[in-house]
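Novice: Take a look at query.tsv, TSV, C-alpha atoms:
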chain	number	residue	atom	x	y	z
A	1	MET	CA	-4.31	-2.32	-0.09
A	2	SER	CA	-4.12	-2.32	1.61
A	3	PRO	CA	-3.99	-0.67	-1.29
A	4	THR	CA	-2.71	-5.80	4.57
A	5	GLY	CA	-7.76	-8.53	4.85
A	6	CYS	CA	-6.15	-6.11	7.37
A	7	LYS	CA	-5.52	-2.78	5.73
A	8	ARG	CA	-2.03	-2.40	7.06
A	9	ILE	CA	-0.05	-3.64	4.09
A	10	GLY	CA	1.34	-0.36	3.06
A	11	CYS	CA	-0.17	2.67	1.46
A	12	ALA	CA	-0.06	1.34	-1.80
A	13	ARG	CA	-1.36	-1.88	-1.78
A	14	GLU	CA	-4.30	0.41	-1.98
A	15	VAL	CA	-2.72	2.86	-4.41
A	16	SER	CA	-2.20	-0.02	-6.79
A	17	LEU	CA	-5.99	-0.45	-6.84
A	18	GLY	CA	-6.53	2.60	-8.99
A	19	LEU	CA	-4.10	5.51	-8.73
A	20	LYS	CA	-2.82	6.13	-12.24
A	21	GLU	CA	0.53	7.58	-13.23
A	22	GLY	CA	0.59	11.34	-13.57
A	23	ALA	CA	2.29	13.28	-16.31
A	24	GLY	CA	5.56	13.49	-14.41
A	25	ARG	CA	5.58	9.76	-13.81
A	26	GLY	CA	4.98	9.11	-17.50
A	27	ILE	CA	7.84	11.33	-18.61
A	28	LEU	CA	10.31	9.79	-16.21
A	29	ALA	CA	9.10	6.28	-17.00
A	30	ALA	CA	9.71	6.88	-20.69
A	31	SER	CA	13.18	8.25	-20.05
A	32	HIS	CA	14.06	5.27	-17.88
A	33	GLY	CA	12.82	2.66	-20.28
A	34	GLY	CA	10.46	0.76	-18.01
A	35	ILE	CA	10.43	-2.87	-16.90
A	36	GLY	CA	13.30	-4.94	-18.21
A	37	VAL	CA	15.86	-2.14	-18.44
A	38	GLU	CA	18.90	-2.25	-16.18
A	39	PRO	CA	21.24	0.77	-16.59
A	40	ALA	CA	24.85	-0.15	-15.88
A	41	GLY	CA	28.07	1.54	-14.89
A	42	ALA	CA	28.82	5.17	-14.17
A	43	TRP	CA	26.46	6.40	-16.90
A	44	GLY	CA	23.61	4.41	-15.44
A	45	ARG	CA	24.22	5.76	-11.95
A	46	ALA	CA	24.45	9.34	-13.24
A	47	LYS	CA	21.21	8.84	-15.14
A	48	ASP	CA	19.52	7.52	-12.02
A	49	ARG	CA	20.62	10.53	-9.98
A	50	PHE	CA	19.43	12.96	-12.66
A	51	GLN	CA	16.03	11.30	-12.86
A	52	LEU	CA	15.69	11.40	-9.08
A	53	TRP	CA	16.61	15.10	-9.16
A	54	ALA	CA	13.89	15.70	-11.77
A	55	TRP	CA	11.45	13.61	-9.76
A	56	ARG	CA	12.15	15.69	-6.67
A	57	HIS	CA	11.04	18.84	-8.47
A	58	TYR	CA	7.96	17.13	-9.86
A	59	VAL	CA	7.01	16.00	-6.34
A	60	ASP	CA	7.51	19.53	-5.02
A	61	LEU	CA	5.08	20.75	-7.67
A	62	GLU	CA	2.54	18.11	-6.67
A	63	PHE	CA	2.77	19.11	-3.03
A	64	THR	CA	1.99	22.74	-3.87
A	65	HIS	CA	-1.00	21.78	-6.05
A	66	PRO	CA	-2.97	19.18	-4.06
A	67	ARG	CA	-5.69	17.37	-5.99
A	68	LEU	CA	-7.84	14.61	-4.52
A	69	SER	CA	-7.83	11.60	-6.81
A	70	TYR	CA	-7.85	8.66	-4.38
A	71	LEU	CA	-10.05	8.16	-1.34
A	72	PHE	CA	-10.03	5.36	1.20
A	73	TRP	CA	-13.12	4.31	3.03
A	74	GLU	CA	-12.16	2.35	6.14
A	75	ALA	CA	-15.42	0.42	6.22
A	76	THR	CA	-14.90	-1.05	9.68
A	77	LEU	CA	-12.29	-1.94	12.27
A	78	GLY	CA	-14.02	-5.26	12.79
A	79	CYS	CA	-12.35	-8.37	11.39
A	80	ASN	CA	-12.97	-12.09	11.13
A	81	LEU	CA	-9.27	-12.81	11.75
A	82	ALA	CA	-6.61	-11.63	14.22
A	83	CYS	CA	-3.47	-11.45	12.11
A	84	ARG	CA	-0.12	-11.21	13.87
A	85	HIS	CA	0.99	-8.22	11.79
A	86	CYS	CA	-2.20	-6.13	11.83
A	87	GLY	CA	-1.31	-2.46	12.09
A	88	SER	CA	-4.82	-1.60	13.32
A	89	ASP	CA	-4.88	-4.30	15.99
A	90	CYS	CA	-8.25	-5.40	14.53
A	91	HIS	CA	-10.01	-8.50	15.77
A	92	ARG	CA	-13.43	-10.08	16.14
A	93	SER	CA	-14.23	-8.21	19.36
A	94	SER	CA	-13.28	-4.70	18.19
A	95	ASP	CA	-15.59	-1.97	19.49
A	96	LEU	CA	-17.67	-0.87	16.49
A	97	SER	CA	-20.18	1.30	18.35
A	98	ASN	CA	-18.89	4.61	16.97
A	99	GLU	CA	-18.56	3.56	13.35
A	100	LEU	CA	-20.40	5.40	10.60
A	101	SER	CA	-23.80	4.09	9.59
A	102	GLY	CA	-24.50	3.26	5.97
A	103	GLU	CA	-26.51	6.45	5.58
A	104	GLU	CA	-23.69	8.54	7.05
A	105	VAL	CA	-21.19	6.98	4.67
A	106	PHE	CA	-23.41	7.53	1.65
A	107	ALA	CA	-24.13	11.14	2.60
A	108	ALA	CA	-20.40	11.87	2.95
A	109	LEU	CA	-19.56	10.25	-0.38
A	110	GLU	CA	-22.49	11.89	-2.13
A	111	GLN	CA	-21.03	15.23	-1.06
A	112	VAL	CA	-17.58	14.16	-2.29
A	113	ALA	CA	-19.14	13.36	-5.66
A	114	LYS	CA	-20.66	16.85	-5.84
A	115	ASP	CA	-17.48	18.61	-4.70
A	116	PHE	CA	-14.78	16.68	-6.58
A	117	GLY	CA	-16.58	14.70	-9.29
A	118	ALA	CA	-17.16	11.01	-8.59
A	119	ARG	CA	-15.44	9.81	-11.76
A	120	LYS	CA	-12.29	11.73	-10.84
A	121	VAL	CA	-11.82	9.95	-7.50
A	122	PHE	CA	-11.02	6.27	-7.09
A	123	LEU	CA	-12.55	4.80	-3.92
A	124	ALA	CA	-10.62	2.06	-2.08
A	125	VAL	CA	-12.60	0.11	0.51
A	126	THR	CA	-10.48	-1.27	3.32
A	127	GLY	CA	-10.74	-2.19	6.99
A	128	GLY	CA	-10.44	-4.23	9.25
A	129	GLU	CA	-12.12	-6.66	6.90
A	130	PRO	CA	-14.77	-4.91	4.79
A	131	LEU	CA	-16.81	-8.07	4.30
A	132	VAL	CA	-17.76	-8.27	7.98
A	133	ARG	CA	-19.90	-5.18	7.41
A	134	PRO	CA	-23.39	-6.52	6.54
A	135	ASP	CA	-24.49	-3.47	4.55
A	136	LEU	CA	-21.26	-3.20	2.52
A	137	PHE	CA	-22.66	-3.97	-0.91
A	138	ASP	CA	-25.87	-2.05	-0.31
A	139	VAL	CA	-23.75	1.02	0.41
A	140	MET	CA	-21.33	0.41	-2.44
A	141	GLY	CA	-24.08	-0.21	-4.96
A	142	ARG	CA	-25.47	3.24	-4.20
A	143	VAL	CA	-21.99	4.75	-4.22
A	144	ALA	CA	-21.16	3.16	-7.58
A	145	ALA	CA	-24.37	4.65	-8.98
A	146	LEU	CA	-22.92	8.08	-8.17
A	147	GLY	CA	-20.10	7.29	-10.60
A	148	PHE	CA	-17.24	6.28	-8.28
A	149	PRO	CA	-14.88	3.59	-9.57
A	150	TRP	CA	-14.05	1.41	-6.59
A	151	GLY	CA	-12.07	-1.57	-5.34
A	152	MET	CA	-11.59	-3.52	-2.15
A	153	VAL	CA	-8.87	-5.12	0.00
A	154	SER	CA	-9.88	-8.41	1.62
A	155	ASN	CA	-8.41	-11.39	3.43
A	156	GLY	CA	-10.78	-13.60	1.42
A	157	TRP	CA	-12.24	-15.48	4.40
A	158	ALA	CA	-15.87	-14.52	3.78
A	159	VAL	CA	-15.82	-14.76	-0.02
A	160	ASP	CA	-18.38	-17.15	-1.45
A	161	ASP	CA	-20.48	-17.16	-4.62
A	162	ARG	CA	-22.99	-14.80	-3.04
A	163	VAL	CA	-20.27	-12.25	-2.25
A	164	VAL	CA	-18.85	-12.54	-5.77
A	165	GLN	CA	-22.23	-11.84	-7.32
A	166	ALA	CA	-22.96	-9.00	-4.88
A	167	SER	CA	-19.65	-7.34	-5.75
A	168	ARG	CA	-20.37	-7.73	-9.46
A	169	LYS	CA	-23.80	-6.15	-9.01
A	170	ALA	CA	-22.24	-3.28	-7.04
A	171	CYS	CA	-19.81	-2.65	-9.94
A	172	MET	CA	-16.62	-3.42	-8.02
A	173	ARG	CA	-13.67	-2.99	-10.40
A	174	THR	CA	-10.61	-4.19	-8.53
A	175	LEU	CA	-9.75	-6.52	-5.68
A	176	VAL	CA	-6.66	-7.20	-3.58
A	177	ILE	CA	-6.51	-10.54	-1.76
A	178	SER	CA	-3.84	-11.15	0.89
A	179	LEU	CA	-1.86	-14.38	0.64
A	180	ASP	CA	1.15	-14.57	2.93
A	181	GLY	CA	2.85	-17.90	2.44
A	182	ALA	CA	3.60	-20.67	-0.01
A	183	THR	CA	1.94	-23.24	2.28
A	184	ARG	CA	-1.01	-23.50	4.63
A	185	GLU	CA	1.35	-23.69	7.57
A	186	SER	CA	3.14	-20.47	6.67
A	187	HIS	CA	0.07	-18.38	5.83
A	188	ASP	CA	-2.05	-19.75	8.68
A	189	TRP	CA	0.71	-19.01	11.21
A	190	LEU	CA	0.29	-15.33	10.34
A	191	ARG	CA	-3.47	-15.11	9.85
A	192	GLY	CA	-5.13	-18.08	11.55
A	193	ALA	CA	-6.14	-21.68	10.91
A	194	GLY	CA	-8.02	-22.21	7.64
A	195	SER	CA	-7.24	-18.78	6.23
A	196	PHE	CA	-4.92	-20.08	3.48
A	197	ASP	CA	-7.62	-22.25	1.91
A	198	ARG	CA	-10.18	-19.43	2.16
A	199	ALA	CA	-7.80	-16.98	0.47
A	200	VAL	CA	-6.92	-19.25	-2.46
A	201	GLU	CA	-10.59	-20.14	-2.91
A	202	ALA	CA	-11.44	-16.43	-3.02
A	203	ILE	CA	-8.78	-15.83	-5.67
A	204	GLU	CA	-10.11	-18.68	-7.78
A	205	ARG	CA	-13.77	-17.60	-7.44
A	206	TYR	CA	-13.02	-14.08	-8.66
A	207	ARG	CA	-10.64	-15.30	-11.36
A	208	ARG	CA	-13.37	-17.56	-12.74
A	209	ALA	CA	-15.99	-14.81	-12.51
A	210	GLY	CA	-13.86	-12.70	-14.84
A	211	PHE	CA	-15.52	-9.30	-14.38
A	212	LEU	CA	-12.79	-7.50	-12.44
A	213	LYS	CA	-10.51	-5.02	-14.19
A	214	GLY	CA	-7.79	-5.86	-11.71
A	215	LEU	CA	-7.20	-8.85	-9.39
A	216	GLN	CA	-4.03	-8.56	-7.35
A	217	VAL	CA	-2.50	-10.83	-4.73
A	218	THR	CA	-0.51	-9.02	-2.04
A	219	THR	CA	1.99	-10.75	0.24
A	220	THR	CA	3.47	-9.37	3.44
A	221	ILE	CA	7.09	-10.52	3.70
A	222	HIS	CA	8.57	-11.11	7.16
A	223	ARG	CA	11.42	-13.15	8.57
A	224	ARG	CA	9.52	-16.44	8.59
A	225	ASN	CA	8.42	-16.36	4.94
A	226	VAL	CA	11.19	-14.39	3.22
A	227	GLY	CA	12.74	-17.67	2.07
A	228	GLU	CA	9.50	-18.75	0.37
A	229	MET	CA	9.36	-16.09	-2.31
A	230	GLN	CA	10.27	-18.32	-5.24
A	231	ALA	CA	7.86	-21.00	-4.05
A	232	MET	CA	5.11	-18.37	-3.72
A	233	PHE	CA	5.90	-17.06	-7.20
A	234	ASP	CA	5.63	-20.55	-8.70
A	235	ASP	CA	2.38	-21.28	-6.82
A	236	LEU	CA	0.71	-18.04	-7.91
A	237	VAL	CA	1.71	-18.56	-11.54
A	238	ARG	CA	0.21	-22.04	-11.35
A	239	ARG	CA	-3.01	-20.55	-9.99
A	240	GLY	CA	-3.28	-18.14	-12.91
A	241	VAL	CA	-2.47	-14.95	-10.95
A	242	ARG	CA	-1.15	-12.16	-13.16
A	243	ASP	CA	-0.35	-9.43	-10.62
A	244	TRP	CA	1.63	-10.04	-7.43
A	245	ARG	CA	2.62	-7.29	-5.05
A	246	VAL	CA	4.99	-7.89	-2.15
A	247	VAL	CA	5.39	-5.60	0.83
A	248	SER	CA	7.78	-5.83	3.75
A	249	VAL	CA	6.22	-5.88	7.20
A	250	PHE	CA	6.55	-2.62	9.13
A	251	PRO	CA	6.47	-1.98	12.89
A	252	ASN	CA	2.93	-0.73	13.48
A	253	GLY	CA	0.20	-2.28	15.60
A	254	ARG	CA	0.70	-5.91	16.51
A	255	ALA	CA	3.74	-6.22	14.23
A	256	ARG	CA	5.61	-3.85	16.52
A	257	ARG	CA	5.20	-6.32	19.37
A	258	GLN	CA	6.77	-9.22	17.45
A	259	ASP	CA	10.38	-9.62	18.53
A	260	ASP	CA	11.64	-11.54	15.50
A	261	PHE	CA	9.36	-10.31	12.72
A	262	LEU	CA	10.92	-7.36	10.87
A	263	LEU	CA	13.32	-8.05	8.01
A	264	GLN	CA	17.02	-7.61	8.62
A	265	PRO	CA	18.98	-5.40	6.18
A	266	SER	CA	20.30	-8.34	4.16
A	267	GLU	CA	16.80	-9.82	3.94
A	268	LEU	CA	15.31	-6.56	2.67
A	269	LYS	CA	18.03	-6.37	0.04
A	270	GLY	CA	17.39	-9.99	-0.92
A	271	LEU	CA	13.67	-9.26	-1.27
A	272	LEU	CA	14.33	-6.25	-3.52
A	273	ASP	CA	16.87	-8.16	-5.59
A	274	PHE	CA	14.30	-10.91	-6.09
A	275	VAL	CA	11.63	-8.45	-7.26
A	276	ARG	CA	14.09	-6.60	-9.51
A	277	ASP	CA	15.17	-9.83	-11.18
A	278	LYS	CA	11.59	-10.99	-11.74
A	279	ARG	CA	10.71	-7.66	-13.34
A	280	LEU	CA	13.46	-8.10	-15.94
A	281	HIS	CA	11.22	-10.87	-17.31
A	282	PRO	CA	7.68	-9.70	-16.39
A	283	ARG	CA	5.80	-12.65	-17.85
A	284	PRO	CA	3.89	-14.73	-16.91
A	285	MET	CA	3.19	-12.60	-13.81
A	286	LYS	CA	3.95	-9.00	-12.98
A	287	VAL	CA	5.79	-8.63	-9.67
A	288	SER	CA	6.21	-5.34	-7.82
A	289	TYR	CA	7.31	-4.06	-4.43
A	290	GLY	CA	4.85	-2.02	-2.41
A	291	ASP	CA	5.24	1.72	-2.63
A	292	GLU	CA	6.05	2.39	1.01
A	293	GLY	CA	9.52	3.63	1.67
A	294	TYR	CA	12.14	5.45	-0.38
A	295	LEU	CA	14.73	2.95	-1.63
A	296	GLY	CA	17.47	5.13	-3.15
A	297	CYS	CA	18.65	5.21	-6.74
A	298	GLY	CA	19.74	1.57	-6.72
A	299	TYR	CA	16.17	0.25	-6.61
A	300	GLU	CA	13.72	3.05	-7.41
A	301	ARG	CA	11.88	2.28	-10.66
A	302	ARG	CA	13.46	-1.16	-10.78
A	303	VAL	CA	11.16	-2.85	-8.26
A	304	ARG	CA	7.96	-0.89	-9.03
A	305	ASP	CA	6.55	1.15	-11.88
A	306	PHE	CA	7.15	4.56	-10.32
A	307	TYR	CA	9.42	6.51	-8.04
A	308	PHE	CA	8.58	6.74	-4.37
A	309	GLU	CA	6.28	9.46	-3.09
A	310	CYS	CA	3.95	9.56	-0.11
A	311	LEU	CA	0.89	11.39	-1.43
A	312	ALA	CA	-1.17	11.27	1.77
A	313	GLY	CA	-2.97	14.62	2.04
A	314	VAL	CA	-1.75	15.61	-1.41
A	315	ARG	CA	-3.66	13.30	-3.72
A	316	ILE	CA	-4.92	10.79	-1.17
A	317	ALA	CA	-7.40	11.13	1.69
A	318	SER	CA	-9.40	8.72	3.81
A	319	ILE	CA	-12.68	8.50	5.64
A	320	LEU	CA	-12.02	6.40	8.72
A	321	ALA	CA	-14.43	3.99	10.36
A	322	ASP	CA	-15.51	6.60	12.93
A	323	GLY	CA	-15.79	9.37	10.32
A	324	GLY	CA	-12.34	10.83	10.83
A	325	ILE	CA	-10.74	12.48	7.80
A	326	SER	CA	-7.08	11.66	7.37
A	327	GLY	CA	-4.39	11.19	4.77
A	328	CYS	CA	-4.55	7.41	4.69
A	329	PRO	CA	-5.79	4.81	7.20
A	330	ASN	CA	-2.25	3.80	8.14
A	331	ILE	CA	-1.33	7.19	9.58
A	332	PRO	CA	-1.59	7.77	13.36
A	333	ARG	CA	-4.94	9.11	14.56
A	334	SER	CA	-3.12	12.14	16.00
A	335	LEU	CA	-2.95	13.47	12.42
A	336	VAL	CA	-6.70	13.21	11.75
A	337	GLN	CA	-7.85	16.53	10.28
A	338	GLY	CA	-11.59	16.50	10.91
A	339	ASN	CA	-14.70	14.32	10.87
A	340	VAL	CA	-17.43	13.91	8.26
A	341	ARG	CA	-20.02	14.14	11.02
A	342	GLN	CA	-19.10	17.81	11.43
A	343	ARG	CA	-17.31	18.87	8.22
A	344	SER	CA	-17.23	17.93	4.57
A	345	VAL	CA	-14.19	16.29	3.00
A	346	LYS	CA	-13.88	19.35	0.73
A	347	ASP	CA	-13.76	21.75	3.67
A	348	VAL	CA	-11.03	19.71	5.35
A	349	TRP	CA	-9.16	19.22	2.08
A	350	GLU	CA	-9.09	22.96	1.41
A	351	HIS	CA	-8.38	24.17	4.95
A	352	GLY	CA	-6.53	21.28	6.57
A	353	PHE	CA	-3.68	18.88	5.80
A	354	GLY	CA	-1.01	21.52	6.42
A	355	LYS	CA	1.40	19.05	8.04
A	356	TYR	CA	0.92	16.67	5.14
A	357	ARG	CA	1.79	19.23	2.47
A	358	ASP	CA	4.72	20.89	4.20
A	359	ARG	CA	6.85	18.13	5.65
A	360	SER	CA	9.79	20.28	6.65
A	361	TRP	CA	8.86	19.44	10.27
A	362	MET	CA	10.00	15.86	9.51
A	363	ARG	CA	13.53	17.04	8.73
A	364	GLN	CA	14.91	16.22	12.15
A	365	GLY	CA	17.02	13.56	13.79
A	366	ALA	CA	18.69	11.25	11.29
A	367	CYS	CA	16.72	12.89	8.46
A	368	ALA	CA	18.15	16.36	9.14
A	369	ALA	CA	21.36	15.96	7.14
A	370	CYS	CA	20.17	13.38	4.61
A	371	ARG	CA	20.86	14.42	1.02
A	372	ASP	CA	17.75	12.59	-0.19
A	373	PHE	CA	15.27	14.30	2.13
A	374	GLY	CA	13.92	16.40	-0.76
A	375	ILE	CA	12.78	13.19	-2.46
A	376	CYS	CA	12.03	11.02	0.56
A	377	LYS	CA	10.51	13.74	2.79
A	378	GLY	CA	10.94	11.59	5.87
A	379	ASN	CA	9.65	8.38	4.27
A	380	SER	CA	5.99	7.30	4.31
A	381	MET	CA	3.99	9.20	6.94
A	382	HIS	CA	2.65	6.00	8.47
A	383	LEU	CA	6.26	5.10	9.35
A	384	TRP	CA	6.91	8.32	11.27
A	385	ASP	CA	7.62	7.86	14.97
A	386	ALA	CA	6.62	10.95	16.95
A	387	GLU	CA	8.40	9.65	20.03
A	388	THR	CA	11.83	9.39	18.41
A	389	GLY	CA	11.43	12.19	15.87
A	390	GLY	CA	12.27	10.01	12.88
A	391	PRO	CA	11.01	7.19	10.68
A	392	LYS	CA	10.46	3.80	12.27
A	393	LEU	CA	12.23	2.36	9.24
A	394	CYS	CA	14.73	3.95	6.87
A	395	HIS	CA	14.98	1.67	3.86
A	396	VAL	CA	18.00	3.53	2.47
A	397	ASP	CA	19.89	3.05	5.73
A	398	MET	CA	18.97	-0.64	5.85
A	399	LEU	CA	20.23	-1.13	2.30
A	400	ARG	CA	23.45	0.72	3.10
A	401	ARG	CA	24.04	-1.60	6.05
A	402	ALA	CA	23.32	-4.62	3.84
A	403	ARG	CA	25.95	-3.47	1.33
A	404	GLU	CA	28.47	-2.90	4.12
A	405	GLU	CA	27.81	-6.39	5.43
A	406	GLU	CA	28.33	-7.87	1.96
A	407	ALA	CA	31.56	-5.88	1.57
A	408	ARG	CA	32.90	-7.17	4.88
A	409	GLU	CA	32.18	-10.72	3.80
A	410	ARG	CA	34.04	-10.10	0.53
A	411	GLY	CA	36.85	-8.31	2.28
A	412	GLY	CA	36.30	-5.15	0.23
A	413	THR	CA	34.49	-1.81	0.49
A	414	PRO	CA	30.77	-1.22	-0.20
A	415	CYS	CA	29.88	0.23	-3.56
Show how you would write the structure in this file as structure tokens.
Specialist:
Amino acid sequence: MSPTGCKRIGCAREVSLGLKEGAGRGILAASHGGIGVEPAGAWGRAKDRFQLWAWRHYVDLEFTHPRLSYLFWEATLGCNLACRHCGSDCHRSSDLSNELSGEEVFAALEQVAKDFGARKVFLAVTGGEPLVRPDLFDVMGRVAALGFPWGMVSNGWAVDDRVVQASRKACMRTLVISLDGATRESHDWLRGAGSFDRAVEAIERYRRAGFLKGLQVTTTIHRRNVGEMQAMFDDLVRRGVRDWRVVSVFPNGRARRQDDFLLQPSELKGLLDFVRDKRLHPRPMKVSYGDEGYLGCGYERRVRDFYFECLAGVRIASILADGGISGCPNIPRSLVQGNVRQRSVKDVWEHGFGKYRDRSWMRQGACAACRDFGICKGNSMHLWDAETGGPKLCHVDMLRRAREEEARERGGTPC
């Protein structure tokens, strides 16, 4: 995604590859008015709260009727880079000895096709960096022949004309390329020397090839590049990009060890304000904020096309590099539900995922008395901290603190 070439860019980055709006999303989107609409005043706030109330009940219905429609394949934990923010802590020397073979992957997905219907499940290939796996397109060509629509998340380093043609032959439909700065210096600081040029070359190769149904650039925003957003916007428009997704860095993996990396409350608010303003005028490039984290009624549906929901284990599952079956690759391995070497995805889907579908256990700590828990449900599961009994990040709390800070500077009270 990540729906981060590291997969850790937020559960959506991948969801944006192929998960379509459900009936409930469509109804609420129509009632809101969509991109470019900005409700104002007391009526607007009341309308927002009503829509969130309706969304809460729609989400509750989804959680009681799980239906697999989106499946990650974590192709490998190997990577050709060592990005500072990688949530998987992937690098060139990762131990790959226990990863699934191509035949094991195909057998598992062939069974998924029989059990769920290949055309009803979008397959998102992530990593690590999928392109370091030498049999990737051999596997995906066979998988596409089963009927799966599929897309990939990549850092772009290994993309050349051969890779473009191989992905075309394997019927790849969508691609997310990570680009994390307006300049070589900024991007390469995060991902490594030379990675900026490789990423922009990959974008241009696929843009020229023209066969993809979706080509998205995803940017991880952190404290060092948050001031570059307008410059990045201008650069991507100049390069002909039509879909830009921004995500804020979160404290998993190596990012958790960076002392001055995570956005401060005012910076998160600035990021969301930037995205909201760009979406009021969606041409020439669509801009959206990644779907991790509940943002409260002030930003939901204004910075992305849908209201927040973490559908891990409800509509989304993953096959991990070692065969583990989980909700999504971002979620801690302690919540793995089984392994394709012993059980089918269908068996685990029907008899597992209890903690994913009943998240009342997450109503503890700061979440216990929160009025929005019914919508948020403890935020994205990959942000849950088992040690503290709460989310590693609460976006609503950060935005509240940002408003309080602004009010203090104005000498007033936060709205």
Novice: Give the answer as one residue: which of A:Leu280, A:Cys171, A:Leu335, A:Ala369 has the shortest atom-to-atom distance to Leu212 of chain A, using all atoms listed in the file?
Specialist: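 Under the stated criterion, the closest residue is A:Cys171.
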Novice: Report, in Å to a single decimal, how far apart atom CA of Arg184 of chain A and atom CA of Gln216 of chain A are.
Specialist: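 Separation between atom CA of Gln216 of chain A and atom CA of Arg184 of chain A: 19.4 Å.
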Novice: Tell me, in Å to one decimal, how far atom CA of Arg208 of chain A is from atom CA of Arg276 of chain A.
Specialist: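 A separation of 29.7 Å between them.
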Novice: Atom CA of Gly102 of chain A and atom CA of His382 of chain A are how many Å apart?
Specialist: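 So the answer is 27.4 Å.
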Novice: What lies within 8 Å of Ala166 of chain A using all atoms listed in the file, ignoring chain neighbours under 4 positions off, as a list in words?
Specialist: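 Here the qualifying residues turn out to be Phe137, Arg162 and Ala170 of chain A.
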Novice: Kindly save the residues from that selection, with C-alpha atoms included, as a PDB file, in the frame of the given file.
Specialist:
ATOM      1  CA  PHE A 137     -22.660  -3.970  -0.910  1.00  0.00           C
ATOM      2  CA  ARG A 162     -22.990 -14.800  -3.040  1.00  0.00           C
ATOM      3  CA  ALA A 170     -22.240  -3.280  -7.040  1.00  0.00           C
TER       4      ALA A 170
END
Novice: Which is closest to Tyr307 of chain A among A:Ala75, A:Ala46, A:Ile375, A:Ala321, if we use all atoms listed in the file?
Specialist: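 Selected residue with least distance to Tyr307 of chain A: A:Ile375.
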